[in-house]
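> Contents of entry_30.cif (mmCIF, N, CA and C atoms) are below:
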```cif
data_work
#
loop_
_atom_site.group_PDB
_atom_site.id
_atom_site.type_symbol
_atom_site.label_atom_id
_atom_site.label_comp_id
_atom_site.auth_asym_id
_atom_site.auth_seq_id
_atom_site.Cartn_x
_atom_site.Cartn_y
_atom_site.Cartn_z
ATOM 1 N N GLU A 1 72.469 -86.448 133.131
ATOM 2 C CA GLU A 1 73.918 -86.440 133.004
ATOM 3 C C GLU A 1 74.275 -86.813 131.578
ATOM 4 N N ASN A 2 75.116 -85.991 130.952
ATOM 5 C CA ASN A 2 75.501 -86.191 129.552
ATOM 6 C C ASN A 2 77.017 -86.260 129.415
ATOM 7 N N ARG A 3 77.471 -87.185 128.606
ATOM 8 C CA ARG A 3 78.889 -87.273 128.234
ATOM 9 C C ARG A 3 78.935 -87.359 126.721
ATOM 10 N N ILE A 4 79.530 -86.345 126.104
ATOM 11 C CA ILE A 4 79.533 -86.239 124.650
ATOM 12 C C ILE A 4 80.975 -86.132 124.180
ATOM 13 N N ASN A 5 81.355 -86.999 123.233
ATOM 14 C CA ASN A 5 82.720 -86.994 122.716
ATOM 15 C C ASN A 5 82.682 -86.697 121.225
ATOM 16 N N LEU A 6 83.131 -85.490 120.856
ATOM 17 C CA LEU A 6 83.160 -85.068 119.452
ATOM 18 C C LEU A 6 84.586 -84.999 118.904
ATOM 19 N N ARG A 7 85.528 -85.554 119.655
ATOM 20 C CA ARG A 7 86.959 -85.452 119.336
ATOM 21 C C ARG A 7 87.282 -85.798 117.880
ATOM 22 N N GLU A 8 86.758 -86.863 117.353
ATOM 23 C CA GLU A 8 87.135 -87.353 116.024
ATOM 24 C C GLU A 8 86.284 -86.774 114.897
ATOM 25 N N LEU A 9 85.330 -85.919 115.213
ATOM 26 C CA LEU A 9 84.432 -85.376 114.195
ATOM 27 C C LEU A 9 84.894 -84.006 113.709
ATOM 28 N N LYS A 10 84.522 -83.678 112.489
ATOM 29 C CA LYS A 10 84.750 -82.331 111.950
ATOM 30 C C LYS A 10 83.423 -81.595 112.074
ATOM 31 N N VAL A 11 83.335 -80.766 113.092
ATOM 32 C CA VAL A 11 82.110 -80.046 113.403
ATOM 33 C C VAL A 11 82.401 -78.555 113.344
ATOM 34 N N ARG A 12 81.491 -77.786 112.717
ATOM 35 C CA ARG A 12 81.699 -76.347 112.611
ATOM 36 C C ARG A 12 80.944 -75.550 113.661
ATOM 37 N N ARG A 13 79.841 -76.110 114.161
ATOM 38 C CA ARG A 13 79.007 -75.357 115.107
ATOM 39 C C ARG A 13 78.375 -76.301 116.109
ATOM 40 N N ILE A 14 78.426 -75.902 117.383
ATOM 41 C CA ILE A 14 77.794 -76.663 118.458
ATOM 42 C C ILE A 14 76.966 -75.691 119.275
ATOM 43 N N LEU A 15 75.722 -76.067 119.538
ATOM 44 C CA LEU A 15 74.855 -75.300 120.421
ATOM 45 C C LEU A 15 74.439 -76.232 121.552
ATOM 46 N N LEU A 16 74.848 -75.894 122.753
ATOM 47 C CA LEU A 16 74.478 -76.672 123.937
ATOM 48 C C LEU A 16 73.545 -75.826 124.774
ATOM 49 N N GLU A 17 72.292 -76.218 124.840
ATOM 50 C CA GLU A 17 71.299 -75.561 125.683
ATOM 51 C C GLU A 17 70.890 -76.565 126.746
ATOM 52 N N THR A 18 71.096 -76.192 127.996
ATOM 53 C CA THR A 18 70.839 -77.142 129.068
ATOM 54 C C THR A 18 70.333 -76.426 130.305
ATOM 55 N N GLY A 19 69.525 -77.127 131.075
ATOM 56 C CA GLY A 19 68.980 -76.577 132.315
ATOM 57 C C GLY A 19 69.658 -77.212 133.508
ATOM 58 N N ALA A 20 68.873 -77.785 134.402
ATOM 59 C CA ALA A 20 69.404 -78.429 135.607
ATOM 60 C C ALA A 20 70.006 -79.770 135.206
ATOM 61 N N SER A 21 71.292 -79.767 134.902
ATOM 62 C CA SER A 21 71.935 -80.988 134.402
ATOM 63 C C SER A 21 73.443 -80.917 134.600
ATOM 64 N N SER A 22 74.081 -82.005 134.208
ATOM 65 C CA SER A 22 75.535 -82.105 134.230
ATOM 66 C C SER A 22 75.980 -82.581 132.847
ATOM 67 N N THR A 23 76.826 -81.794 132.192
ATOM 68 C CA THR A 23 77.289 -82.148 130.849
ATOM 69 C C THR A 23 78.801 -82.065 130.789
ATOM 70 N N GLU A 24 79.401 -83.098 130.211
ATOM 71 C CA GLU A 24 80.836 -83.134 129.960
ATOM 72 C C GLU A 24 81.016 -83.384 128.472
ATOM 73 N N MET A 25 81.694 -82.452 127.774
ATOM 74 C CA MET A 25 81.822 -82.559 126.319
ATOM 75 C C MET A 25 83.274 -82.382 125.900
ATOM 76 N N THR A 26 83.757 -83.320 125.069
ATOM 77 C CA THR A 26 85.073 -83.194 124.455
ATOM 78 C C THR A 26 84.860 -82.588 123.079
ATOM 79 N N LEU A 27 85.516 -81.467 122.817
ATOM 80 C CA LEU A 27 85.341 -80.745 121.570
ATOM 81 C C LEU A 27 86.158 -81.372 120.440
ATOM 82 N N PRO A 28 85.808 -81.028 119.181
ATOM 83 C CA PRO A 28 86.503 -81.618 118.035
ATOM 84 C C PRO A 28 87.988 -81.262 117.986
ATOM 85 N N ALA A 29 88.796 -82.222 117.585
ATOM 86 C CA ALA A 29 90.235 -82.005 117.442
ATOM 87 C C ALA A 29 90.624 -81.799 115.983
ATOM 88 N N GLN A 30 89.734 -82.129 115.047
ATOM 89 C CA GLN A 30 90.077 -82.120 113.628
ATOM 90 C C GLN A 30 89.506 -80.947 112.846
ATOM 91 N N SER A 31 88.608 -80.175 113.419
ATOM 92 C CA SER A 31 87.958 -79.075 112.694
ATOM 93 C C SER A 31 88.889 -77.866 112.572
ATOM 94 N N PRO A 32 88.963 -77.263 111.386
ATOM 95 C CA PRO A 32 89.749 -76.032 111.258
ATOM 96 C C PRO A 32 89.179 -74.913 112.134
ATOM 97 N N PHE A 33 87.838 -74.829 112.235
ATOM 98 C CA PHE A 33 87.194 -73.849 113.100
ATOM 99 C C PHE A 33 85.867 -74.413 113.598
ATOM 100 N N CYS A 34 85.619 -74.234 114.890
ATOM 101 C CA CYS A 34 84.358 -74.675 115.484
ATOM 102 C C CYS A 34 83.867 -73.600 116.440
ATOM 103 N N ARG A 35 82.620 -73.203 116.274
ATOM 104 C CA ARG A 35 81.994 -72.237 117.185
ATOM 105 C C ARG A 35 81.116 -73.014 118.148
ATOM 106 N N VAL A 36 81.303 -72.749 119.447
ATOM 107 C CA VAL A 36 80.547 -73.434 120.494
ATOM 108 C C VAL A 36 79.779 -72.389 121.292
ATOM 109 N N ASP A 37 78.455 -72.513 121.304
ATOM 110 C CA ASP A 37 77.605 -71.641 122.106
ATOM 111 C C ASP A 37 77.006 -72.478 123.225
ATOM 112 N N VAL A 38 77.238 -72.043 124.453
ATOM 113 C CA VAL A 38 76.695 -72.736 125.624
ATOM 114 C C VAL A 38 75.696 -71.801 126.286
ATOM 115 N N ARG A 39 74.468 -72.280 126.425
ATOM 116 C CA ARG A 39 73.420 -71.559 127.145
ATOM 117 C C ARG A 39 72.945 -72.484 128.243
ATOM 118 N N ALA A 40 73.298 -72.138 129.466
ATOM 119 C CA ALA A 40 73.044 -73.055 130.579
ATOM 120 C C ALA A 40 72.310 -72.348 131.706
ATOM 121 N N GLY A 41 71.395 -73.079 132.323
ATOM 122 C CA GLY A 41 70.703 -72.579 133.504
ATOM 123 C C GLY A 41 71.447 -73.026 134.745
ATOM 124 N N ALA A 42 70.787 -73.770 135.604
ATOM 125 C CA ALA A 42 71.420 -74.304 136.814
ATOM 126 C C ALA A 42 72.133 -75.591 136.430
ATOM 127 N N ALA A 43 73.291 -75.458 135.811
ATOM 128 C CA ALA A 43 73.961 -76.616 135.234
ATOM 129 C C ALA A 43 75.442 -76.638 135.578
ATOM 130 N N SER A 44 75.989 -77.828 135.473
ATOM 131 C CA SER A 44 77.428 -78.036 135.572
ATOM 132 C C SER A 44 77.900 -78.448 134.186
ATOM 133 N N VAL A 45 78.798 -77.672 133.595
ATOM 134 C CA VAL A 45 79.284 -77.946 132.247
ATOM 135 C C VAL A 45 80.806 -78.006 132.271
ATOM 136 N N VAL A 46 81.353 -79.079 131.697
ATOM 137 C CA VAL A 46 82.798 -79.224 131.532
ATOM 138 C C VAL A 46 83.068 -79.378 130.041
ATOM 139 N N LEU A 47 83.870 -78.471 129.481
ATOM 140 C CA LEU A 47 84.281 -78.559 128.088
ATOM 141 C C LEU A 47 85.759 -78.919 128.047
ATOM 142 N N ARG A 48 86.074 -79.949 127.287
ATOM 143 C CA ARG A 48 87.460 -80.396 127.143
ATOM 144 C C ARG A 48 87.962 -79.983 125.758
ATOM 145 N N VAL A 49 89.023 -79.178 125.740
ATOM 146 C CA VAL A 49 89.612 -78.704 124.488
ATOM 147 C C VAL A 49 90.858 -79.547 124.220
ATOM 148 N N PRO A 50 90.860 -80.320 123.108
ATOM 149 C CA PRO A 50 92.008 -81.189 122.814
ATOM 150 C C PRO A 50 93.296 -80.384 122.592
ATOM 151 N N GLN A 51 94.425 -80.999 122.905
ATOM 152 C CA GLN A 51 95.719 -80.389 122.634
ATOM 153 C C GLN A 51 95.823 -80.129 121.139
ATOM 154 N N GLY A 52 96.491 -79.057 120.757
ATOM 155 C CA GLY A 52 96.641 -78.715 119.354
ATOM 156 C C GLY A 52 95.510 -77.860 118.814
ATOM 157 N N VAL A 53 94.501 -77.595 119.633
ATOM 158 C CA VAL A 53 93.382 -76.745 119.235
ATOM 159 C C VAL A 53 93.464 -75.460 120.054
ATOM 160 N N ALA A 54 93.561 -74.321 119.363
ATOM 161 C CA ALA A 54 93.598 -73.025 120.046
ATOM 162 C C ALA A 54 92.186 -72.640 120.455
ATOM 163 N N GLY A 55 92.069 -71.851 121.511
ATOM 164 C CA GLY A 55 90.743 -71.484 121.987
ATOM 165 C C GLY A 55 90.595 -70.023 122.341
ATOM 166 N N ARG A 56 89.391 -69.509 122.096
ATOM 167 C CA ARG A 56 88.971 -68.180 122.562
ATOM 168 C C ARG A 56 87.663 -68.397 123.318
ATOM 169 N N ILE A 57 87.606 -67.902 124.566
ATOM 170 C CA ILE A 57 86.451 -68.134 125.431
ATOM 171 C C ILE A 57 85.913 -66.797 125.923
ATOM 172 N N VAL A 58 84.632 -66.567 125.686
ATOM 173 C CA VAL A 58 83.955 -65.363 126.150
ATOM 174 C C VAL A 58 82.877 -65.801 127.133
ATOM 175 N N MET A 59 82.926 -65.239 128.334
ATOM 176 C CA MET A 59 81.967 -65.589 129.385
ATOM 177 C C MET A 59 80.965 -64.458 129.578
ATOM 178 N N GLU A 60 79.685 -64.778 129.489
ATOM 179 C CA GLU A 60 78.595 -63.855 129.814
ATOM 180 C C GLU A 60 77.724 -64.598 130.810
ATOM 181 N N SER A 61 77.994 -64.389 132.078
ATOM 182 C CA SER A 61 77.324 -65.233 133.062
ATOM 183 C C SER A 61 76.898 -64.449 134.286
ATOM 184 N N GLY A 62 75.972 -65.073 135.015
ATOM 185 C CA GLY A 62 75.485 -64.511 136.266
ATOM 186 C C GLY A 62 76.258 -65.082 137.431
ATOM 187 N N LEU A 63 75.589 -65.884 138.241
ATOM 188 C CA LEU A 63 76.212 -66.481 139.429
ATOM 189 C C LEU A 63 76.804 -67.840 139.078
ATOM 190 N N VAL A 64 77.812 -67.812 138.250
ATOM 191 C CA VAL A 64 78.423 -69.049 137.778
ATOM 192 C C VAL A 64 79.849 -69.129 138.292
ATOM 193 N N GLY A 65 80.198 -70.284 138.835
ATOM 194 C CA GLY A 65 81.584 -70.536 139.185
ATOM 195 C C GLY A 65 82.293 -71.011 137.934
ATOM 196 N N SER A 66 83.363 -70.345 137.545
ATOM 197 C CA SER A 66 84.077 -70.768 136.342
ATOM 198 C C SER A 66 85.514 -71.132 136.677
ATOM 199 N N LYS A 67 85.975 -72.140 135.969
ATOM 200 C CA LYS A 67 87.353 -72.592 136.120
ATOM 201 C C LYS A 67 87.900 -72.794 134.707
ATOM 202 N N ILE A 68 88.860 -71.951 134.338
ATOM 203 C CA ILE A 68 89.451 -72.003 133.005
ATOM 204 C C ILE A 68 90.958 -72.105 133.165
ATOM 205 N N ASP A 69 91.569 -73.021 132.439
ATOM 206 C CA ASP A 69 93.009 -73.260 132.507
ATOM 207 C C ASP A 69 93.760 -71.972 132.147
ATOM 208 N N PRO A 70 94.344 -71.251 133.148
ATOM 209 C CA PRO A 70 94.983 -69.957 132.875
ATOM 210 C C PRO A 70 96.301 -70.078 132.108
ATOM 211 N N GLN A 71 96.936 -71.225 132.148
ATOM 212 C CA GLN A 71 98.190 -71.405 131.410
ATOM 213 C C GLN A 71 97.919 -71.490 129.907
ATOM 214 N N ARG A 72 96.897 -72.208 129.543
ATOM 215 C CA ARG A 72 96.572 -72.398 128.127
ATOM 216 C C ARG A 72 95.694 -71.284 127.571
ATOM 217 N N PHE A 73 94.816 -70.735 128.412
ATOM 218 C CA PHE A 73 93.871 -69.708 127.983
ATOM 219 C C PHE A 73 94.000 -68.468 128.874
ATOM 220 N N PRO A 74 95.088 -67.707 128.754
ATOM 221 C CA PRO A 74 95.226 -66.512 129.594
ATOM 222 C C PRO A 74 94.161 -65.468 129.241
ATOM 223 N N TYR A 75 93.769 -64.695 130.249
ATOM 224 C CA TYR A 75 92.760 -63.654 130.061
ATOM 225 C C TYR A 75 93.430 -62.412 129.474
ATOM 226 N N ASN A 76 92.868 -61.863 128.383
ATOM 227 C CA ASN A 76 93.487 -60.712 127.716
ATOM 228 C C ASN A 76 92.728 -59.404 127.952
ATOM 229 N N GLY A 77 91.800 -59.406 128.905
ATOM 230 C CA GLY A 77 91.021 -58.206 129.193
ATOM 231 C C GLY A 77 89.590 -58.284 128.690
ATOM 232 N N THR A 78 89.361 -59.066 127.643
ATOM 233 C CA THR A 78 88.007 -59.245 127.113
ATOM 234 C C THR A 78 87.622 -60.718 126.975
ATOM 235 N N ALA A 79 88.615 -61.582 126.803
ATOM 236 C CA ALA A 79 88.352 -63.016 126.608
ATOM 237 C C ALA A 79 89.544 -63.817 127.123
ATOM 238 N N TYR A 80 89.313 -65.106 127.303
ATOM 239 C CA TYR A 80 90.398 -66.044 127.593
ATOM 240 C C TYR A 80 90.836 -66.573 126.230
ATOM 241 N N GLU A 81 92.152 -66.494 125.944
ATOM 242 C CA GLU A 81 92.571 -66.813 124.580
ATOM 243 C C GLU A 81 93.959 -67.428 124.532
ATOM 244 N N THR A 82 94.080 -68.488 123.753
ATOM 245 C CA THR A 82 95.369 -69.115 123.503
ATOM 246 C C THR A 82 96.258 -68.132 122.740
ATOM 247 N N PRO A 83 97.504 -67.931 123.168
ATOM 248 C CA PRO A 83 98.406 -67.067 122.391
ATOM 249 C C PRO A 83 98.514 -67.588 120.951
ATOM 250 N N GLY A 84 98.443 -66.678 119.988
ATOM 251 C CA GLY A 84 98.508 -67.067 118.580
ATOM 252 C C GLY A 84 97.203 -67.609 118.030
ATOM 253 N N TYR A 85 96.113 -67.351 118.717
ATOM 254 C CA TYR A 85 94.801 -67.902 118.325
ATOM 255 C C TYR A 85 94.460 -67.596 116.863
ATOM 256 N N ASP A 86 94.618 -66.356 116.438
ATOM 257 C CA ASP A 86 94.204 -65.957 115.085
ATOM 258 C C ASP A 86 94.976 -66.669 113.977
ATOM 259 N N GLN A 87 96.184 -67.126 114.249
ATOM 260 C CA GLN A 87 96.987 -67.809 113.237
ATOM 261 C C GLN A 87 96.940 -69.335 113.365
ATOM 262 N N ALA A 88 96.247 -69.847 114.354
ATOM 263 C CA ALA A 88 96.237 -71.299 114.599
ATOM 264 C C ALA A 88 95.532 -72.061 113.475
ATOM 265 N N GLU A 89 96.037 -73.246 113.198
ATOM 266 C CA GLU A 89 95.472 -74.110 112.154
ATOM 267 C C GLU A 89 94.106 -74.671 112.555
ATOM 268 N N ARG A 90 93.951 -74.981 113.847
ATOM 269 C CA ARG A 90 92.672 -75.500 114.359
ATOM 270 C C ARG A 90 92.266 -74.643 115.555
ATOM 271 N N ARG A 91 91.033 -74.119 115.506
ATOM 272 C CA ARG A 91 90.571 -73.193 116.538
ATOM 273 C C ARG A 91 89.147 -73.532 116.978
ATOM 274 N N VAL A 92 88.870 -73.160 118.217
ATOM 275 C CA VAL A 92 87.514 -73.252 118.742
ATOM 276 C C VAL A 92 87.200 -71.927 119.426
ATOM 277 N N GLU A 93 86.001 -71.413 119.141
ATOM 278 C CA GLU A 93 85.540 -70.184 119.782
ATOM 279 C C GLU A 93 84.347 -70.555 120.651
ATOM 280 N N ILE A 94 84.457 -70.284 121.940
ATOM 281 C CA ILE A 94 83.438 -70.692 122.902
ATOM 282 C C ILE A 94 82.801 -69.453 123.510
ATOM 283 N N LYS A 95 81.473 -69.398 123.457
ATOM 284 C CA LYS A 95 80.724 -68.326 124.108
ATOM 285 C C LYS A 95 79.800 -68.980 125.130
ATOM 286 N N VAL A 96 79.918 -68.541 126.372
ATOM 287 C CA VAL A 96 79.139 -69.122 127.461
ATOM 288 C C VAL A 96 78.170 -68.082 128.007
ATOM 289 N N GLU A 97 76.885 -68.427 128.004
ATOM 290 C CA GLU A 97 75.844 -67.629 128.653
ATOM 291 C C GLU A 97 75.234 -68.542 129.706
ATOM 292 N N ALA A 98 75.416 -68.201 130.968
ATOM 293 C CA ALA A 98 74.960 -69.086 132.030
ATOM 294 C C ALA A 98 74.371 -68.288 133.177
ATOM 295 N N GLY A 99 73.417 -68.913 133.868
ATOM 296 C CA GLY A 99 72.764 -68.270 135.004
ATOM 297 C C GLY A 99 73.366 -68.711 136.321
ATOM 298 N N LEU A 100 73.184 -69.968 136.658
ATOM 299 C CA LEU A 100 73.711 -70.556 137.893
ATOM 300 C C LEU A 100 74.537 -71.780 137.539
ATOM 301 N N GLY A 101 75.278 -72.277 138.502
ATOM 302 C CA GLY A 101 76.011 -73.518 138.276
ATOM 303 C C GLY A 101 77.495 -73.297 138.129
ATOM 304 N N SER A 102 78.115 -74.162 137.300
ATOM 305 C CA SER A 102 79.558 -74.083 137.128
ATOM 306 C C SER A 102 79.947 -74.404 135.694
ATOM 307 N N ILE A 103 80.984 -73.713 135.231
ATOM 308 C CA ILE A 103 81.544 -73.929 133.899
ATOM 309 C C ILE A 103 83.032 -74.193 134.093
ATOM 310 N N GLU A 104 83.498 -75.275 133.498
ATOM 311 C CA GLU A 104 84.910 -75.600 133.564
ATOM 312 C C GLU A 104 85.403 -75.871 132.148
ATOM 313 N N ILE A 105 86.512 -75.243 131.774
ATOM 314 C CA ILE A 105 87.108 -75.454 130.457
ATOM 315 C C ILE A 105 88.533 -75.909 130.692
ATOM 316 N N VAL A 106 88.812 -77.143 130.257
ATOM 317 C CA VAL A 106 90.091 -77.777 130.575
ATOM 318 C C VAL A 106 90.778 -78.270 129.319
ATOM 319 N N SER A 107 92.067 -78.501 129.424
ATOM 320 C CA SER A 107 92.866 -79.070 128.336
ATOM 321 C C SER A 107 92.777 -80.583 128.411
ATOM 322 N N GLU A 108 92.797 -81.196 127.250
ATOM 323 C CA GLU A 108 92.795 -82.667 127.201
ATOM 324 C C GLU A 108 93.909 -83.131 126.308
#
```
I need this file expressed as C-alpha cells, please.

Amino acid sequence: ENRINLRELKVRRILLETGASSTEMTLPAQSPFCRVDVRAGAASVVLRVPQGVAGRIVMESGLVGSKIDPQRFPYNGTAYETPGYDQAERRVEIKVEAGLGSIEIVSE
C-alpha cells in the first residue's frame, strides 16, 4: 500500500509502475506541466488532481474499472479533458495502461 503526496513539488514527469498493490497519489499543484504515465497490473490506483490544475486523461486498459470525475474531466471522444486544457497555466497529462484492477481520478 502506497500513499504519495507530490502536491507541493514541481515535477515534470511521473512514472508509476505497479503490480498487485494499492496506490494513492496526489499530483503536483505547482508544476506548469506534468506528464504522468501509469502502468498497472492487478492494482488499485487513485490519482488526486489538485484544484487549479487542468487535466487530460487517456485510458488504454483491459479489464479495469475506472472512475473519472465527469464534471471536471468530460470525455471528448478520445480523452477525458478539462475544458480549456490547452490554455491552462498548470496542466497534467495522464496516460493509463492497466490490465486488471481499478483506476480512479478525482479532484482534490
> When the PyMOL selection byres ((chain A and resi 67-75) around 7) is applied to the file above, which residues end up in the set, as a list in words?
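So the PyMOL selection byres ((chain A and resi 67-75) around 7), applied here, picks out Gly55, Gly65, Ser66, Asn76, Gly77, Thr78, Ala79, Tyr80, Glu81, Thr82, Pro83, Ser102, Ile103, Glu104, Ile105, Val106 and Ser107 of chain A.
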> Could you check which residues have any atom within 7 Å of (76.3, -77.2, 118.5), counting only N, CA and C atoms with coordinates taken straight from the file, and then list them as number ranges by chain?
A: 12-16, 35-37
> In the coordinate frame of the file, compute which residues have an atom within 8 Å of (82.2, -87.7, 121.6) when using all atoms listed in the file, and state them as a list in words.
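I get Arg3, Ile4, Asn5, Leu6, Arg7, Glu8, Leu9, Met25, Thr26, Leu27 and Pro28 of chain A for the residues within 8 Å of that point.
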> Nearest residue to A:Gly41 out of A:Thr23, A:Ser61, A:Gln87, A:Thr18, using only N, CA and C atoms?
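Going through A:Thr23, A:Ser61, A:Gln87, A:Thr18 one by one, the smallest distance to A:Gly41 is for A:Thr18.
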> Please list as an mmCIF file with N, CA and C atoms, keeping the file's coordinate frame every residue within 6 Å of A:Met59, counting all atoms listed in the file and excluding residues in the same chain fewer than 4 positions away.

```cif
data_model
loop_
_atom_site.group_PDB
_atom_site.id
_atom_site.type_symbol
_atom_site.label_atom_id
_atom_site.label_comp_id
_atom_site.auth_asym_id
_atom_site.auth_seq_id
_atom_site.Cartn_x
_atom_site.Cartn_y
_atom_site.Cartn_z
ATOM 1 N N LYS A 95 81.473 -69.398 123.457
ATOM 2 C CA LYS A 95 80.724 -68.326 124.108
ATOM 3 C C LYS A 95 79.800 -68.980 125.130
ATOM 4 N N VAL A 96 79.918 -68.541 126.372
ATOM 5 C CA VAL A 96 79.139 -69.122 127.461
ATOM 6 C C VAL A 96 78.170 -68.082 128.007
ATOM 7 N N GLU A 97 76.885 -68.427 128.004
ATOM 8 C CA GLU A 97 75.844 -67.629 128.653
ATOM 9 C C GLU A 97 75.234 -68.542 129.706
#
```
> Given the file above and the PyMOL selection byres ((chain A and resi 51) around 7), which residues are selected, and can you give them as a PyMOL selection string?
chain A and resi 29+49-50+52-54+107-108
> Which parts of chain A does DSSP call strand (DSSP E or B) when run on the backbone here, written out as an MDAnalysis selection string?
chainID A and resid 2:5 13:18 21:26 33:49 54:68 75 80:81 91:107
> Smallest atom-to-atom distance to A:Tyr85: which of A:Ala40, A:Leu47, A:Ala98, A:Pro32, using only C-alpha atoms?
A:Pro32
> Tell me, in Å to one decimal, how far atom CA of A:Ser31 is from atom CA of A:Val64.
28.6 Å
> Rank A:Glu24, A:Asp86, A:Glu60, A:Glu93 by their smallest atom-to-atom distance to A:Arg48, using only C-alpha atoms, and report the top residue only.
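Among the listed residues, A:Glu24 lies closest to A:Arg48.
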> Between atom CA of A:Cys34 and atom CA of A:Asn2, what is the distance in Å, rounded to a tenth?
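Between atom CA of A:Cys34 and atom CA of A:Asn2 the gap is 20.2 Å.
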> Record the distance separating atom CA of A:Arg56 and atom N of A:Val11, expressed in Å with one decimal.
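Atom CA of A:Arg56 sits 16.7 Å away from atom N of A:Val11.
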> Measuring atom to atom with only C-alpha atoms, identify which of A:Val38, A:Ala20, A:Lys10, A:Gln30 is nearest to A:Leu100.
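Ranking A:Val38, A:Ala20, A:Lys10, A:Gln30 by distance to A:Leu100, first place goes to A:Ala20.
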